[in-house]
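Undergrad: Sharing final-v2.txt below, compact mmCIF, C-alpha atoms:
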```
# COMPACT_ATOMS: atom_id res chain seq x y z
CA PRO A 1 -9.02 -20.72 -13.95
CA GLY A 2 -9.60 -19.59 -17.49
CA ARG A 3 -7.31 -19.38 -20.50
CA GLU A 4 -4.25 -17.20 -20.88
CA GLY A 5 -4.03 -14.20 -23.16
CA GLU A 6 -1.80 -11.25 -23.84
CA GLY A 7 -1.78 -8.18 -21.61
CA PRO A 8 0.42 -5.61 -19.83
CA PHE A 9 2.11 -5.61 -16.45
CA CYS A 10 0.31 -3.52 -13.83
CA PHE A 11 2.01 -1.93 -10.79
CA VAL A 12 0.25 0.84 -8.95
CA LEU A 13 0.14 1.08 -5.16
CA PRO A 14 3.06 1.84 -2.85
CA PRO A 15 2.30 0.34 0.56
CA PRO A 16 4.66 -1.61 2.84
CA LEU A 17 4.07 -5.28 3.74
CA PHE A 18 4.78 -7.39 6.79
CA ALA A 19 7.82 -9.66 6.42
CA LEU A 20 7.82 -13.46 6.59
CA GLN A 21 4.17 -13.89 5.68
CA ARG A 22 2.78 -15.89 2.79
CA LEU A 23 1.26 -13.55 0.25
CA LEU A 24 -1.21 -15.95 -1.29
CA PRO A 25 -4.36 -15.04 -3.23
CA GLY A 26 -7.75 -15.33 -1.56
CA PRO A 27 -10.38 -17.94 -2.39
CA ALA A 28 -11.28 -18.15 -6.06
CA ASP A 29 -14.97 -17.64 -5.32
CA ARG A 30 -14.18 -14.13 -4.05
CA GLN A 31 -12.34 -13.12 -7.21
CA GLN A 32 -13.81 -12.09 -10.54
CA ALA A 33 -10.95 -10.40 -12.31
CA ALA A 34 -8.19 -10.67 -14.86
CA TRP A 35 -4.76 -10.27 -13.23
CA ALA A 36 -1.67 -9.10 -15.12
CA VAL A 37 1.15 -11.65 -14.91
CA GLY A 38 4.23 -10.32 -16.68
CA ALA A 39 3.47 -10.52 -20.38
CA THR A 40 0.19 -12.43 -19.94
CA VAL A 41 -3.19 -11.96 -18.36
CA ARG A 42 -4.51 -15.00 -16.53
CA CYS A 43 -8.29 -14.92 -16.34
CA THR A 44 -9.55 -16.19 -13.00
CA THR A 45 -13.30 -15.72 -13.17
CA ASN A 46 -16.40 -17.82 -12.64
CA ARG A 47 -18.04 -19.53 -15.59
CA HIS A 48 -20.37 -16.60 -16.26
CA ALA A 49 -17.59 -13.99 -16.44
CA GLY A 50 -14.78 -16.22 -17.67
CA ALA A 51 -15.46 -16.19 -21.38
CA ALA A 52 -15.74 -12.42 -21.65
CA ALA A 53 -12.68 -11.77 -19.51
CA CYS A 54 -10.54 -14.21 -21.48
CA ARG A 55 -11.65 -12.71 -24.77
CA ALA A 56 -10.65 -9.30 -23.40
CA GLY A 57 -7.25 -10.67 -22.40
CA SER A 58 -6.50 -11.82 -25.96
CA SER A 59 -8.15 -8.94 -27.79
CA SER A 60 -6.82 -7.83 -31.14
CA LEU A 61 -6.58 -4.26 -29.84
CA VAL A 62 -3.83 -5.25 -27.40
CA ASP A 63 -2.01 -7.07 -30.20
CA LYS A 64 -2.22 -3.98 -32.42
CA LEU A 65 -0.92 -1.73 -29.66
CA ARG A 66 2.00 -4.06 -29.06
CA ARG A 67 2.91 -4.14 -32.74
CA LYS A 68 2.93 -0.35 -32.74
CA GLY A 69 5.23 -0.31 -29.75
CA ALA A 70 2.57 1.18 -27.49
CA ARG A 71 1.12 -0.20 -24.29
CA PRO A 72 -2.49 -0.24 -23.18
CA ARG A 73 -3.40 1.51 -19.94
CA PRO A 74 -2.59 -0.62 -16.87
CA GLU A 75 -6.18 -1.20 -15.86
CA LEU A 76 -8.08 -4.36 -15.02
CA GLU A 77 -11.78 -5.02 -14.82
CA VAL A 78 -12.38 -5.75 -11.13
CA ALA A 79 -15.70 -6.84 -9.66
CA ALA A 80 -17.03 -4.69 -6.84
CA SER A 81 -20.19 -5.26 -4.84
CA ASN A 82 -22.93 -4.26 -7.29
CA VAL A 83 -20.53 -1.83 -8.97
CA GLY A 84 -18.56 -2.52 -12.14
CA VAL A 85 -15.53 -0.23 -12.39
CA LYS A 86 -12.13 -0.23 -13.99
CA VAL A 87 -9.34 0.42 -11.51
CA PRO A 88 -5.62 -0.33 -11.44
CA THR A 89 -4.77 -3.13 -9.01
CA SER A 90 -2.47 -2.56 -6.04
CA SER A 91 1.22 -3.12 -6.69
CA ALA A 92 1.47 -4.63 -3.20
CA PHE A 93 0.01 -7.84 -4.62
CA PRO A 94 2.72 -10.23 -5.87
CA PRO A 95 2.91 -10.96 -9.61
CA GLY A 96 0.46 -13.74 -10.42
CA ALA A 97 -1.90 -13.06 -7.53
CA GLU A 98 -5.61 -12.69 -8.16
CA ALA A 99 -7.01 -9.17 -8.11
CA PRO A 100 -9.12 -8.36 -5.05
CA ALA A 101 -12.80 -7.60 -4.90
CA LEU A 102 -13.52 -3.95 -4.14
CA ARG A 103 -15.30 -3.40 -0.83
CA SER A 104 -14.76 0.27 -0.06
CA ARG A 105 -17.82 2.50 -0.34
CA VAL A 106 -15.82 5.11 -2.23
CA HIS A 107 -16.20 3.14 -5.48
CA GLU A 108 -19.99 3.35 -5.38
CA LEU A 109 -19.70 7.04 -4.52
CA LEU A 110 -17.48 7.69 -7.54
CA GLU A 111 -19.80 5.80 -9.86
CA ARG A 112 -22.77 7.77 -8.55
CA ARG A 113 -20.95 11.11 -8.66
CA PRO A 114 -18.23 10.94 -11.35
CA GLU A 115 -17.84 14.72 -11.26
CA LEU A 116 -15.88 14.27 -8.02
CA LEU A 117 -13.01 12.85 -10.05
CA GLU A 118 -12.77 16.06 -12.05
CA ARG A 119 -12.47 18.14 -8.88
CA ALA A 120 -9.45 16.18 -7.66
CA ARG A 121 -6.76 16.32 -10.33
CA THR A 122 -3.75 16.93 -8.07
CA ALA A 123 -2.79 16.09 -4.50
CA GLU A 124 -3.44 19.69 -3.43
CA ASP A 125 -7.12 19.35 -4.35
CA PHE A 126 -7.81 16.76 -1.63
CA SER A 127 -8.63 17.27 2.04
CA TYR A 128 -6.36 15.57 4.59
CA LEU A 129 -7.96 14.74 7.93
CA PRO A 130 -7.13 12.68 11.04
CA MET A 131 -8.77 9.26 11.26
CA SER A 132 -10.77 8.05 14.26
CA ALA A 133 -12.54 4.89 15.42
CA SER A 134 -15.51 5.86 13.21
CA ASP A 135 -13.27 5.15 10.19
CA ALA A 136 -12.56 1.55 11.29
CA GLN A 137 -14.83 -0.13 8.73
CA ASP A 138 -13.50 2.05 5.92
CA LEU A 139 -9.95 1.17 6.95
CA ALA A 140 -10.78 -2.54 7.02
CA ASP A 141 -12.37 -2.38 3.56
CA LEU A 142 -9.50 -0.42 2.03
CA GLN A 143 -6.87 -2.81 3.39
CA THR A 144 -8.46 -5.72 1.50
CA GLU A 145 -7.86 -3.77 -1.72
CA PHE A 146 -4.40 -2.49 -0.79
CA TYR A 147 -2.79 -5.72 0.48
CA PRO A 148 -2.94 -9.51 0.09
CA ALA A 149 -5.21 -11.17 2.64
CA ALA A 150 -2.35 -12.71 4.64
CA SER A 151 -0.52 -9.44 5.20
CA TYR A 152 -3.08 -7.26 6.97
CA PRO A 153 -6.09 -7.94 9.24
CA ASP A 154 -9.39 -6.86 7.67
CA ASP A 155 -11.40 -6.98 10.89
CA ALA A 156 -13.11 -3.69 11.78
CA GLU A 157 -12.69 -4.32 15.51
CA TRP A 158 -8.91 -4.71 15.07
CA CYS A 159 -8.84 -1.53 12.98
CA ALA A 160 -10.76 0.36 15.68
CA GLY A 161 -8.15 -0.71 18.23
CA LEU A 162 -5.42 0.50 15.89
CA LEU A 163 -7.04 3.89 15.30
CA THR A 164 -7.60 4.55 19.01
CA HIS A 165 -4.09 3.61 20.15
CA PRO A 166 -2.22 6.65 21.58
CA GLY A 167 0.92 5.81 19.62
CA ILE A 168 -0.70 5.95 16.17
CA VAL A 169 -0.64 8.61 13.46
CA ALA A 170 -3.55 8.02 11.07
CA LEU A 171 -4.55 10.40 8.28
CA LYS A 172 -7.01 10.06 5.42
CA ALA A 173 -7.39 11.81 2.08
CA CYS A 174 -10.93 12.85 1.13
CA LEU A 175 -12.44 14.21 -2.07
CA PRO A 176 -13.12 17.95 -2.23
CA GLY A 177 -16.74 18.92 -1.79
CA GLU A 178 -17.72 15.52 -0.41
CA PRO A 179 -19.49 16.02 2.96
CA GLU A 180 -19.33 12.39 4.14
CA GLU A 181 -15.50 12.54 4.19
CA VAL A 182 -15.19 9.02 2.78
CA PRO A 183 -11.48 8.09 2.73
CA VAL A 184 -9.95 7.56 -0.70
CA GLY A 185 -6.42 7.15 0.67
CA LEU A 186 -4.70 6.80 4.02
CA VAL A 187 -1.43 6.62 5.90
CA ILE A 188 -0.94 4.75 9.17
CA ALA A 189 2.31 5.30 11.09
CA LEU A 190 3.40 3.90 14.45
CA ALA A 191 4.85 6.66 16.62
CA SER A 192 5.96 4.84 19.78
CA ARG A 193 7.83 1.70 20.72
CA ALA A 194 4.65 0.34 22.34
CA ALA A 195 2.70 0.81 19.09
CA ILE A 196 5.44 -0.80 17.00
CA GLU A 197 5.61 -3.84 19.28
CA ASN A 198 1.81 -4.10 19.37
CA PHE A 199 1.04 -3.80 15.65
CA THR A 200 4.06 -5.44 13.98
CA ASP A 201 5.77 -8.78 14.57
CA VAL A 202 8.90 -9.86 16.43
CA ARG A 203 10.91 -10.04 13.21
CA THR A 204 10.16 -6.39 12.40
CA VAL A 205 11.21 -5.29 15.89
CA ASP A 206 14.46 -7.27 15.55
CA VAL A 207 15.26 -5.61 12.21
CA LEU A 208 14.60 -2.15 13.68
CA ARG A 209 17.08 -2.90 16.45
CA GLN A 210 19.74 -4.36 14.15
CA GLU A 211 19.54 -1.71 11.44
CA LEU A 212 18.61 1.47 13.32
CA THR A 213 18.54 1.67 17.11
CA LEU A 214 21.90 -0.04 17.70
CA PRO A 215 24.08 1.23 14.81
CA TYR A 216 22.71 4.78 14.98
CA TYR A 217 22.56 4.95 18.80
CA ILE A 218 18.82 5.68 18.83
CA PRO A 219 17.38 5.45 22.37
CA TRP A 220 14.56 2.91 22.39
CA ASP A 221 14.52 1.55 25.92
CA ALA A 222 10.95 2.29 27.06
CA PRO A 223 7.43 1.71 25.64
CA GLU A 224 6.72 5.45 25.52
CA ARG A 225 9.84 6.18 23.45
CA ARG A 226 9.04 8.16 20.27
CA THR A 227 12.51 8.35 18.76
CA LEU A 228 11.62 5.87 16.02
CA GLY A 229 8.58 5.78 13.74
CA TYR A 230 7.36 3.01 11.47
CA VAL A 231 5.07 3.35 8.43
CA LEU A 232 2.52 0.56 8.65
CA SER A 233 0.52 1.36 5.52
CA VAL A 234 -0.06 3.99 2.88
CA GLY A 235 -2.22 3.82 -0.21
CA THR A 236 -4.86 5.31 -2.49
CA VAL A 237 -7.81 3.73 -4.27
CA GLY A 238 -7.15 2.81 -7.89
CA GLU A 239 -9.33 5.48 -9.48
CA LEU A 240 -7.28 8.24 -7.84
CA ARG A 241 -3.73 6.98 -8.17
CA ARG A 242 -1.00 8.82 -10.09
CA ARG A 243 -2.14 12.14 -8.65
CA GLY A 244 0.50 12.32 -5.92
CA VAL A 245 -1.94 11.55 -3.10
CA ALA A 246 0.03 8.68 -1.55
CA GLN A 247 3.20 10.75 -1.42
CA ALA A 248 1.27 13.73 0.00
CA LEU A 249 -0.18 11.47 2.70
CA LEU A 250 3.26 10.13 3.54
CA ARG A 251 4.71 13.64 3.81
CA ARG A 252 1.94 14.69 6.16
CA GLY A 253 2.28 11.50 8.19
CA ILE A 254 6.00 12.08 8.69
CA GLY A 255 5.31 15.71 9.57
CA GLU A 256 2.85 14.59 12.24
CA LEU A 257 5.40 12.12 13.63
CA GLU A 258 7.91 14.97 13.91
CA ALA A 259 5.34 17.25 15.54
CA ARG A 260 4.52 14.65 18.19
CA SER A 261 8.13 13.75 18.88
CA PRO A 262 10.83 16.44 18.83
CA ASP A 263 13.36 13.65 19.45
CA LEU A 264 12.41 11.63 16.34
CA ARG A 265 15.57 10.12 14.82
CA ALA A 266 14.29 7.88 12.04
CA VAL A 267 11.17 6.65 10.22
CA ALA A 268 11.32 3.08 8.89
CA LEU A 269 9.28 0.79 6.67
CA ASP A 270 9.63 -2.45 4.75
CA LEU A 271 8.16 -3.80 1.53
CA ALA A 272 8.53 -6.51 -1.09
CA ALA A 273 11.19 -6.06 -3.77
CA TYR A 274 8.65 -6.47 -6.59
CA ASN A 275 6.78 -3.34 -5.46
CA THR A 276 8.65 -0.92 -7.71
CA ALA A 277 5.97 1.77 -7.49
CA ALA A 278 6.41 1.91 -3.72
CA ILE A 279 10.19 1.98 -4.04
CA ARG A 280 10.03 5.03 -6.32
CA CYS A 281 7.66 6.80 -3.92
CA TYR A 282 9.80 6.19 -0.84
CA GLU A 283 13.14 6.96 -2.46
CA GLY A 284 11.64 10.16 -3.86
CA LEU A 285 11.04 11.28 -0.27
CA GLY A 286 14.59 10.50 0.82
CA PHE A 287 14.20 7.00 2.28
CA GLN A 288 17.40 4.92 2.07
CA ARG A 289 17.58 1.18 1.56
CA LEU A 290 19.41 -0.34 4.53
CA ARG A 291 18.84 -4.05 4.13
CA GLU A 292 17.55 -6.75 1.79
CA ARG A 293 16.36 -10.11 3.12
CA PRO A 294 16.11 -12.75 0.37
CA GLU A 295 13.14 -15.09 0.18
CA ALA A 296 11.15 -13.23 2.83
CA TYR A 297 7.89 -13.24 0.86
CA MET A 298 6.13 -16.17 -0.77
CA GLY A 299 4.27 -15.65 -4.02
CA GLU A 300 2.58 -17.94 -6.53
CA GLY A 301 3.81 -21.52 -6.51
CA ARG A 302 7.40 -21.66 -5.29
CA LYS A 303 8.23 -18.10 -6.24
CA THR A 304 9.85 -16.04 -3.47
CA TYR A 305 10.72 -12.35 -3.17
CA SER A 306 13.14 -10.30 -1.12
CA ALA A 307 12.03 -7.91 1.61
CA LEU A 308 13.56 -4.43 1.50
CA PHE A 309 14.06 -2.38 4.66
CA TYR A 310 14.09 1.42 4.24
CA ALA A 311 14.59 4.30 6.65
CA LEU A 312 14.40 8.09 6.57
CA LEU A 313 17.13 9.36 8.91
CA MET A 314 16.80 12.64 10.79
CA SER A 315 19.61 14.90 11.95
CA GLY A 316 19.91 15.96 15.57
CA ASP A 317 18.25 19.34 14.91
CA GLY A 318 15.10 17.76 13.47
CA GLY A 319 16.16 17.97 9.81
CA ARG A 320 16.60 15.17 7.30
CA GLN A 321 19.96 13.42 7.13
CA ALA A 322 20.11 12.28 3.54
CA ASP A 323 23.61 10.83 3.56
CA ALA A 324 23.85 9.49 7.11
CA GLU A 325 26.19 6.57 7.72
CA PRO A 326 25.75 4.06 10.56
CA LEU A 327 28.32 3.68 13.29
CA SER A 328 30.51 0.60 12.95
CA ARG A 329 29.03 -2.47 14.59
```
Could you rewrite the structure in this file as structure tokens?
TA:
Amino acid sequence: PGREGEGPFCFVLPPPLFALQRLLPGPADRQQAAWAVGATVRCTTNRHAGAAACRAGSSSLVDKLRRKGARPRPELEVAASNVGVKVPTSSAFPPGAEAPALRSRVHELLERRPELLERARTAEDFSYLPMSASDAQDLADLQTEFYPAASYPDDAEWCAGLLTHPGIVALKACLPGEPEEVPVGLVIALASRAAIENFTDVRTVDVLRQELTLPYYIPWDAPERRTLGYVLSVGTVGELRRRGVAQALLRRGIGELEARSPDLRAVALDLAAYNTAAIRCYEGLGFQRLRERPEAYMGEGRKTYSALFYALLMSGDGGRQADAEPLSR
């Protein structure tokens, strides 16, 4: 570890996380970045990059901006494979965690063709396409940037199994005018009980029963049941955040869940309480907080965080039920 200097807090990505898993940073030899920790930036680089990164963390420019009451842009210098780019780091990482290395091929594409960024200023400028097994490696690479290592498998074979499961809704966002259709964002939703039981853990299934299927009388008695959906992941690469892409992906993912299941009653997800960017995104789409579980996530040292359980409730005619109340238990 290097020295500590001044710097801003950085929250960007809104994806959900699995509960009851330790969200610990990866090995130090994989990280070459400065990570925002509250009011400080802790430099965690190797000896060749450490001095420069620490000087950047305590730069006089940041001090001047603070004295003026302004804040520098929430960007960190993150090392990618042979590509040096500035991108915001995912808000799914707990405060104090080391920033991830960038593995997705989209970063090299954007450095080679920066004009693509100018063509995609709003969510409507992107193409939204279904994902297939051919996207497995891209999915695996993106997940290492979106989530801490302990919270999501980064194996391409596992991702291929996910993308070919019949109970999965998987969509990707692609840059306009880019023929390779490299994903820059994605949403993965579980559409059936079989998919939920296969790709989440026992604790998640228990919470779905306690908070949704039982109190709201949602039928969920067979593997093929599609009355309940679960958002496994949603996110956008750092260079293209704050353009509404994640929310557009989520809207389309929910629409696809509804199209595949006329009997859909609710769409659920869970996330860490520190992920305020995700909370704003989900609540903006009508998701309601149903439960908070203290100390469900482990962070740096002994720090723990609550897990928040959200659901979007549907009315019987297929509409949204914004103010639904559960039946007494």
Undergrad: Find the residues near Ala140 (chain A): any atom within 6 Å, counting all atoms listed in the file, skip ones fewer than 3 places away on the same chain, and give them as a list in words.
TA: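 Result of the neighbour search: Gln137, Gln143, Asp154, Asp155 and Ala156 of chain A.
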Undergrad: As a PyMOL selection string, please: the residues near Leu117 (chain A) (cut-off 10 Å, only C-alpha atoms, same-chain neighbours under 3 positions excluded).
TA: chain A and resi 110-111+113-114+120-121+175-176+239-240
Undergrad: Record the distance separating CA of Leu142 (chain A) and CA of Val231 (chain A), expressed in Å with one decimal.
TA: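 Here the two named atoms are 16.4 Å from each other.
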Undergrad: Restricting the calculation to only C-alpha atoms: of A:Glu197, A:Asp125, A:Asp263, A:Glu115, which residue gets closest to Leu232 (chain A)?
TA: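 Closest to Leu232 (chain A), using only C-alpha atoms: A:Glu197.
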Undergrad: Would you mind telling me which residue in A:Val106, A:Leu308, A:Leu208, A:Ala246 lies nearest to Val187 (chain A) when using all atoms listed in the file?
TA: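 Selected residue with least distance to Val187 (chain A): A:Ala246.
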Undergrad: For a test of reading the model, state the distance in Å between CA of Val207 (chain A) and CA of Pro148 (chain A), rounded to one decimal.
TA: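 Value for the CA of Val207 (chain A)-CA of Pro148 (chain A) distance: 22.2 Å.
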Undergrad: Measure the distance from CA of Phe93 (chain A) to CA of Ala272 (chain A) in Å and round it to one decimal.
TA: 9.3 Å
Undergrad: Go through A:Ile168, A:Ile254, A:Ala311, A:Leu116 and flag the residue nearest Tyr216 (chain A), using only C-alpha atoms for the distances.
TA: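 Using only C-alpha atoms, Tyr216 (chain A) sits closest to A:Ala311.
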Undergrad: Tell me which of A:Ala92, A:Ala97, A:Leu190, A:Ala133 sits closest to Ala266 (chain A), counting only C-alpha atoms.
TA: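 Of all the options, A:Leu190 lies closest to Ala266 (chain A).
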Undergrad: Counting only C-alpha atoms, select every polymer residue within 12 Å of (-13.7, 19.3, 1.6) as defined in the file's coordinates, and provide the selection as a VMD selection string.
TA: chain A and resid 116 119 to 120 124 to 129 173 to 183
Undergrad: Would you mind telling me which residue in A:Leu271, A:Gly238, A:Gly185, A:Tyr152 lies nearest to Phe199 (chain A) when using only C-alpha atoms?
TA: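 Checking each candidate against Phe199 (chain A), we get A:Tyr152 as the closest.
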Undergrad: When distances are computed from all atoms listed in the file, which of A:Gly253, A:Gly244, A:Gly96, A:Pro215 shows the smallest separation from Leu290 (chain A)?
TA: A:Pro215
Undergrad: If I wrap all listed atoms of region 187-199 of chain A in a box with edges along x, y and z and add 3 Å on each side, what are its centre and edge lengths in Å to one decimal, as AutoDock Vina command-line options?
TA:
```
--center_x 3.2 --center_y 1.3 --center_z 14.1 --size_x 15.3 --size_y 16.8 --size_z 22.4
```
Undergrad: Skipping near chain neighbours, those fewer than 6 positions away, what residues fall within 8 Å of Ala136 (chain A) using only C-alpha atoms, listed as a PyMOL selection string?
TA: chain A and resi 156-157+159-160+163
Undergrad: Show which residues sit within 12 Å of Val267 (chain A), as a ChimeraX atom specification. Count all atoms listed in the file, and ignore same-chain residues fewer than 3 positions away.
TA: /A:189-192,196,208,211-213,218,226-232,250-251,253-258,261,263-264,270,282,285-288,309-315,320-321
Undergrad: If I put a ball of radius 12 Å at (15.3, -7.8, -4.1) in the file's coordinates, which residues poke into it when counting only C-alpha atoms, written as a list of chain:residue names?
TA: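 Here the neighbourhood of the point contains A:Asp270, A:Leu271, A:Ala272, A:Ala273, A:Tyr274, A:Asn275, A:Thr276, A:Ile279, A:Arg289, A:Arg291, A:Glu292, A:Arg293, A:Pro294, A:Glu295, A:Ala296, A:Tyr297, A:Thr304, A:Tyr305, A:Ser306, A:Ala307, A:Leu308, A:Phe309.
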Undergrad: Residues as selected, C-alpha atoms, written as a JSON list (two decimals), in the frame of the given file, can you do that?
TA:
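Writing done, so here's again_24.json:
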```json
[["chain", "number", "residue", "atom", "x", "y", "z"],
["A", 270, "ASP", "CA", 9.63, -2.45, 4.75],
["A", 271, "LEU", "CA", 8.16, -3.80, 1.53],
["A", 272, "ALA", "CA", 8.53, -6.51, -1.09],
["A", 273, "ALA", "CA", 11.19, -6.06, -3.77],
["A", 274, "TYR", "CA", 8.65, -6.47, -6.59],
["A", 275, "ASN", "CA", 6.78, -3.34, -5.46],
["A", 276, "THR", "CA", 8.65, -0.92, -7.71],
["A", 279, "ILE", "CA", 10.19, 1.98, -4.04],
["A", 289, "ARG", "CA", 17.58, 1.18, 1.56],
["A", 291, "ARG", "CA", 18.84, -4.05, 4.13],
["A", 292, "GLU", "CA", 17.55, -6.75, 1.79],
["A", 293, "ARG", "CA", 16.36, -10.11, 3.12],
["A", 294, "PRO", "CA", 16.11, -12.75, 0.37],
["A", 295, "GLU", "CA", 13.14, -15.09, 0.18],
["A", 296, "ALA", "CA", 11.15, -13.23, 2.83],
["A", 297, "TYR", "CA", 7.89, -13.24, 0.86],
["A", 304, "THR", "CA", 9.85, -16.04, -3.47],
["A", 305, "TYR", "CA", 10.72, -12.35, -3.17],
["A", 306, "SER", "CA", 13.14, -10.30, -1.12],
["A", 307, "ALA", "CA", 12.03, -7.91, 1.61],
["A", 308, "LEU", "CA", 13.56, -4.43, 1.50],
["A", 309, "PHE", "CA", 14.06, -2.38, 4.66]]
```
Undergrad: Would you kindly return, as a ChimeraX atom specification, each protein, DNA or RNA residue with an atom no farther than 8 Å from any atom of Glu145 (chain A), considering all atoms listed in the file and excluding same-chain residues fewer than 5 positions away?
TA: /A:89-90,100-103,237
Undergrad: Export region 110-133 of chain A of the preceding structure, keeping N, CA and C atoms, as a compact mmCIF listing (two decimals), in the first residue's frame.
TA:
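The resulting file, selection-v7.txt, is reproduced below:
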```txt
# COMPACT_ATOMS: atom_id res chain seq x y z
N LEU A 110 -12.78 1.66 -27.39
CA LEU A 110 -13.06 3.09 -27.20
C LEU A 110 -11.79 3.92 -27.29
N GLU A 111 -10.67 3.37 -26.89
CA GLU A 111 -9.42 4.11 -27.04
C GLU A 111 -9.01 4.19 -28.50
N ARG A 112 -9.29 3.14 -29.24
CA ARG A 112 -8.93 3.12 -30.66
C ARG A 112 -9.88 3.97 -31.49
N ARG A 113 -11.16 4.02 -31.06
CA ARG A 113 -12.17 4.76 -31.82
C ARG A 113 -12.96 5.69 -30.88
N PRO A 114 -12.34 6.75 -30.39
CA PRO A 114 -13.01 7.63 -29.43
C PRO A 114 -14.25 8.31 -29.99
N GLU A 115 -14.38 8.36 -31.32
CA GLU A 115 -15.56 9.00 -31.90
C GLU A 115 -16.84 8.25 -31.56
N LEU A 116 -16.72 6.98 -31.16
CA LEU A 116 -17.91 6.21 -30.78
C LEU A 116 -18.59 6.81 -29.55
N LEU A 117 -17.79 7.42 -28.67
CA LEU A 117 -18.37 8.05 -27.48
C LEU A 117 -19.27 9.21 -27.85
N GLU A 118 -18.90 9.93 -28.91
CA GLU A 118 -19.69 11.09 -29.32
C GLU A 118 -21.01 10.68 -29.96
N ARG A 119 -21.08 9.48 -30.49
CA ARG A 119 -22.31 9.01 -31.12
C ARG A 119 -23.32 8.50 -30.11
N ALA A 120 -22.91 8.32 -28.88
CA ALA A 120 -23.77 7.70 -27.87
C ALA A 120 -23.89 8.62 -26.66
N ARG A 121 -24.65 9.68 -26.81
CA ARG A 121 -24.79 10.66 -25.73
C ARG A 121 -25.96 10.35 -24.80
N THR A 122 -26.98 9.68 -25.31
CA THR A 122 -28.15 9.34 -24.49
C THR A 122 -28.47 7.86 -24.66
N ALA A 123 -29.32 7.36 -23.77
CA ALA A 123 -29.67 5.94 -23.81
C ALA A 123 -30.32 5.55 -25.13
N GLU A 124 -31.03 6.48 -25.77
CA GLU A 124 -31.72 6.17 -27.02
C GLU A 124 -30.76 5.95 -28.18
N ASP A 125 -29.51 6.39 -28.03
CA ASP A 125 -28.54 6.24 -29.11
C ASP A 125 -27.98 4.82 -29.21
N PHE A 126 -28.14 4.02 -28.18
CA PHE A 126 -27.54 2.68 -28.15
C PHE A 126 -28.46 1.65 -28.80
N SER A 127 -27.86 0.54 -29.19
CA SER A 127 -28.62 -0.62 -29.66
C SER A 127 -28.77 -1.59 -28.49
N TYR A 128 -29.93 -2.23 -28.38
CA TYR A 128 -30.19 -3.19 -27.31
C TYR A 128 -30.53 -4.53 -27.94
N LEU A 129 -29.71 -5.53 -27.65
CA LEU A 129 -29.80 -6.82 -28.32
C LEU A 129 -29.81 -7.96 -27.32
N PRO A 130 -30.41 -9.10 -27.67
CA PRO A 130 -30.34 -10.27 -26.78
C PRO A 130 -28.93 -10.83 -26.75
N MET A 131 -28.54 -11.38 -25.61
CA MET A 131 -27.23 -12.01 -25.47
C MET A 131 -27.36 -13.51 -25.74
N SER A 132 -26.24 -14.11 -26.15
CA SER A 132 -26.20 -15.55 -26.43
C SER A 132 -24.91 -16.12 -25.85
N ALA A 133 -24.71 -17.42 -26.06
CA ALA A 133 -23.50 -18.07 -25.54
C ALA A 133 -22.23 -17.45 -26.10
```
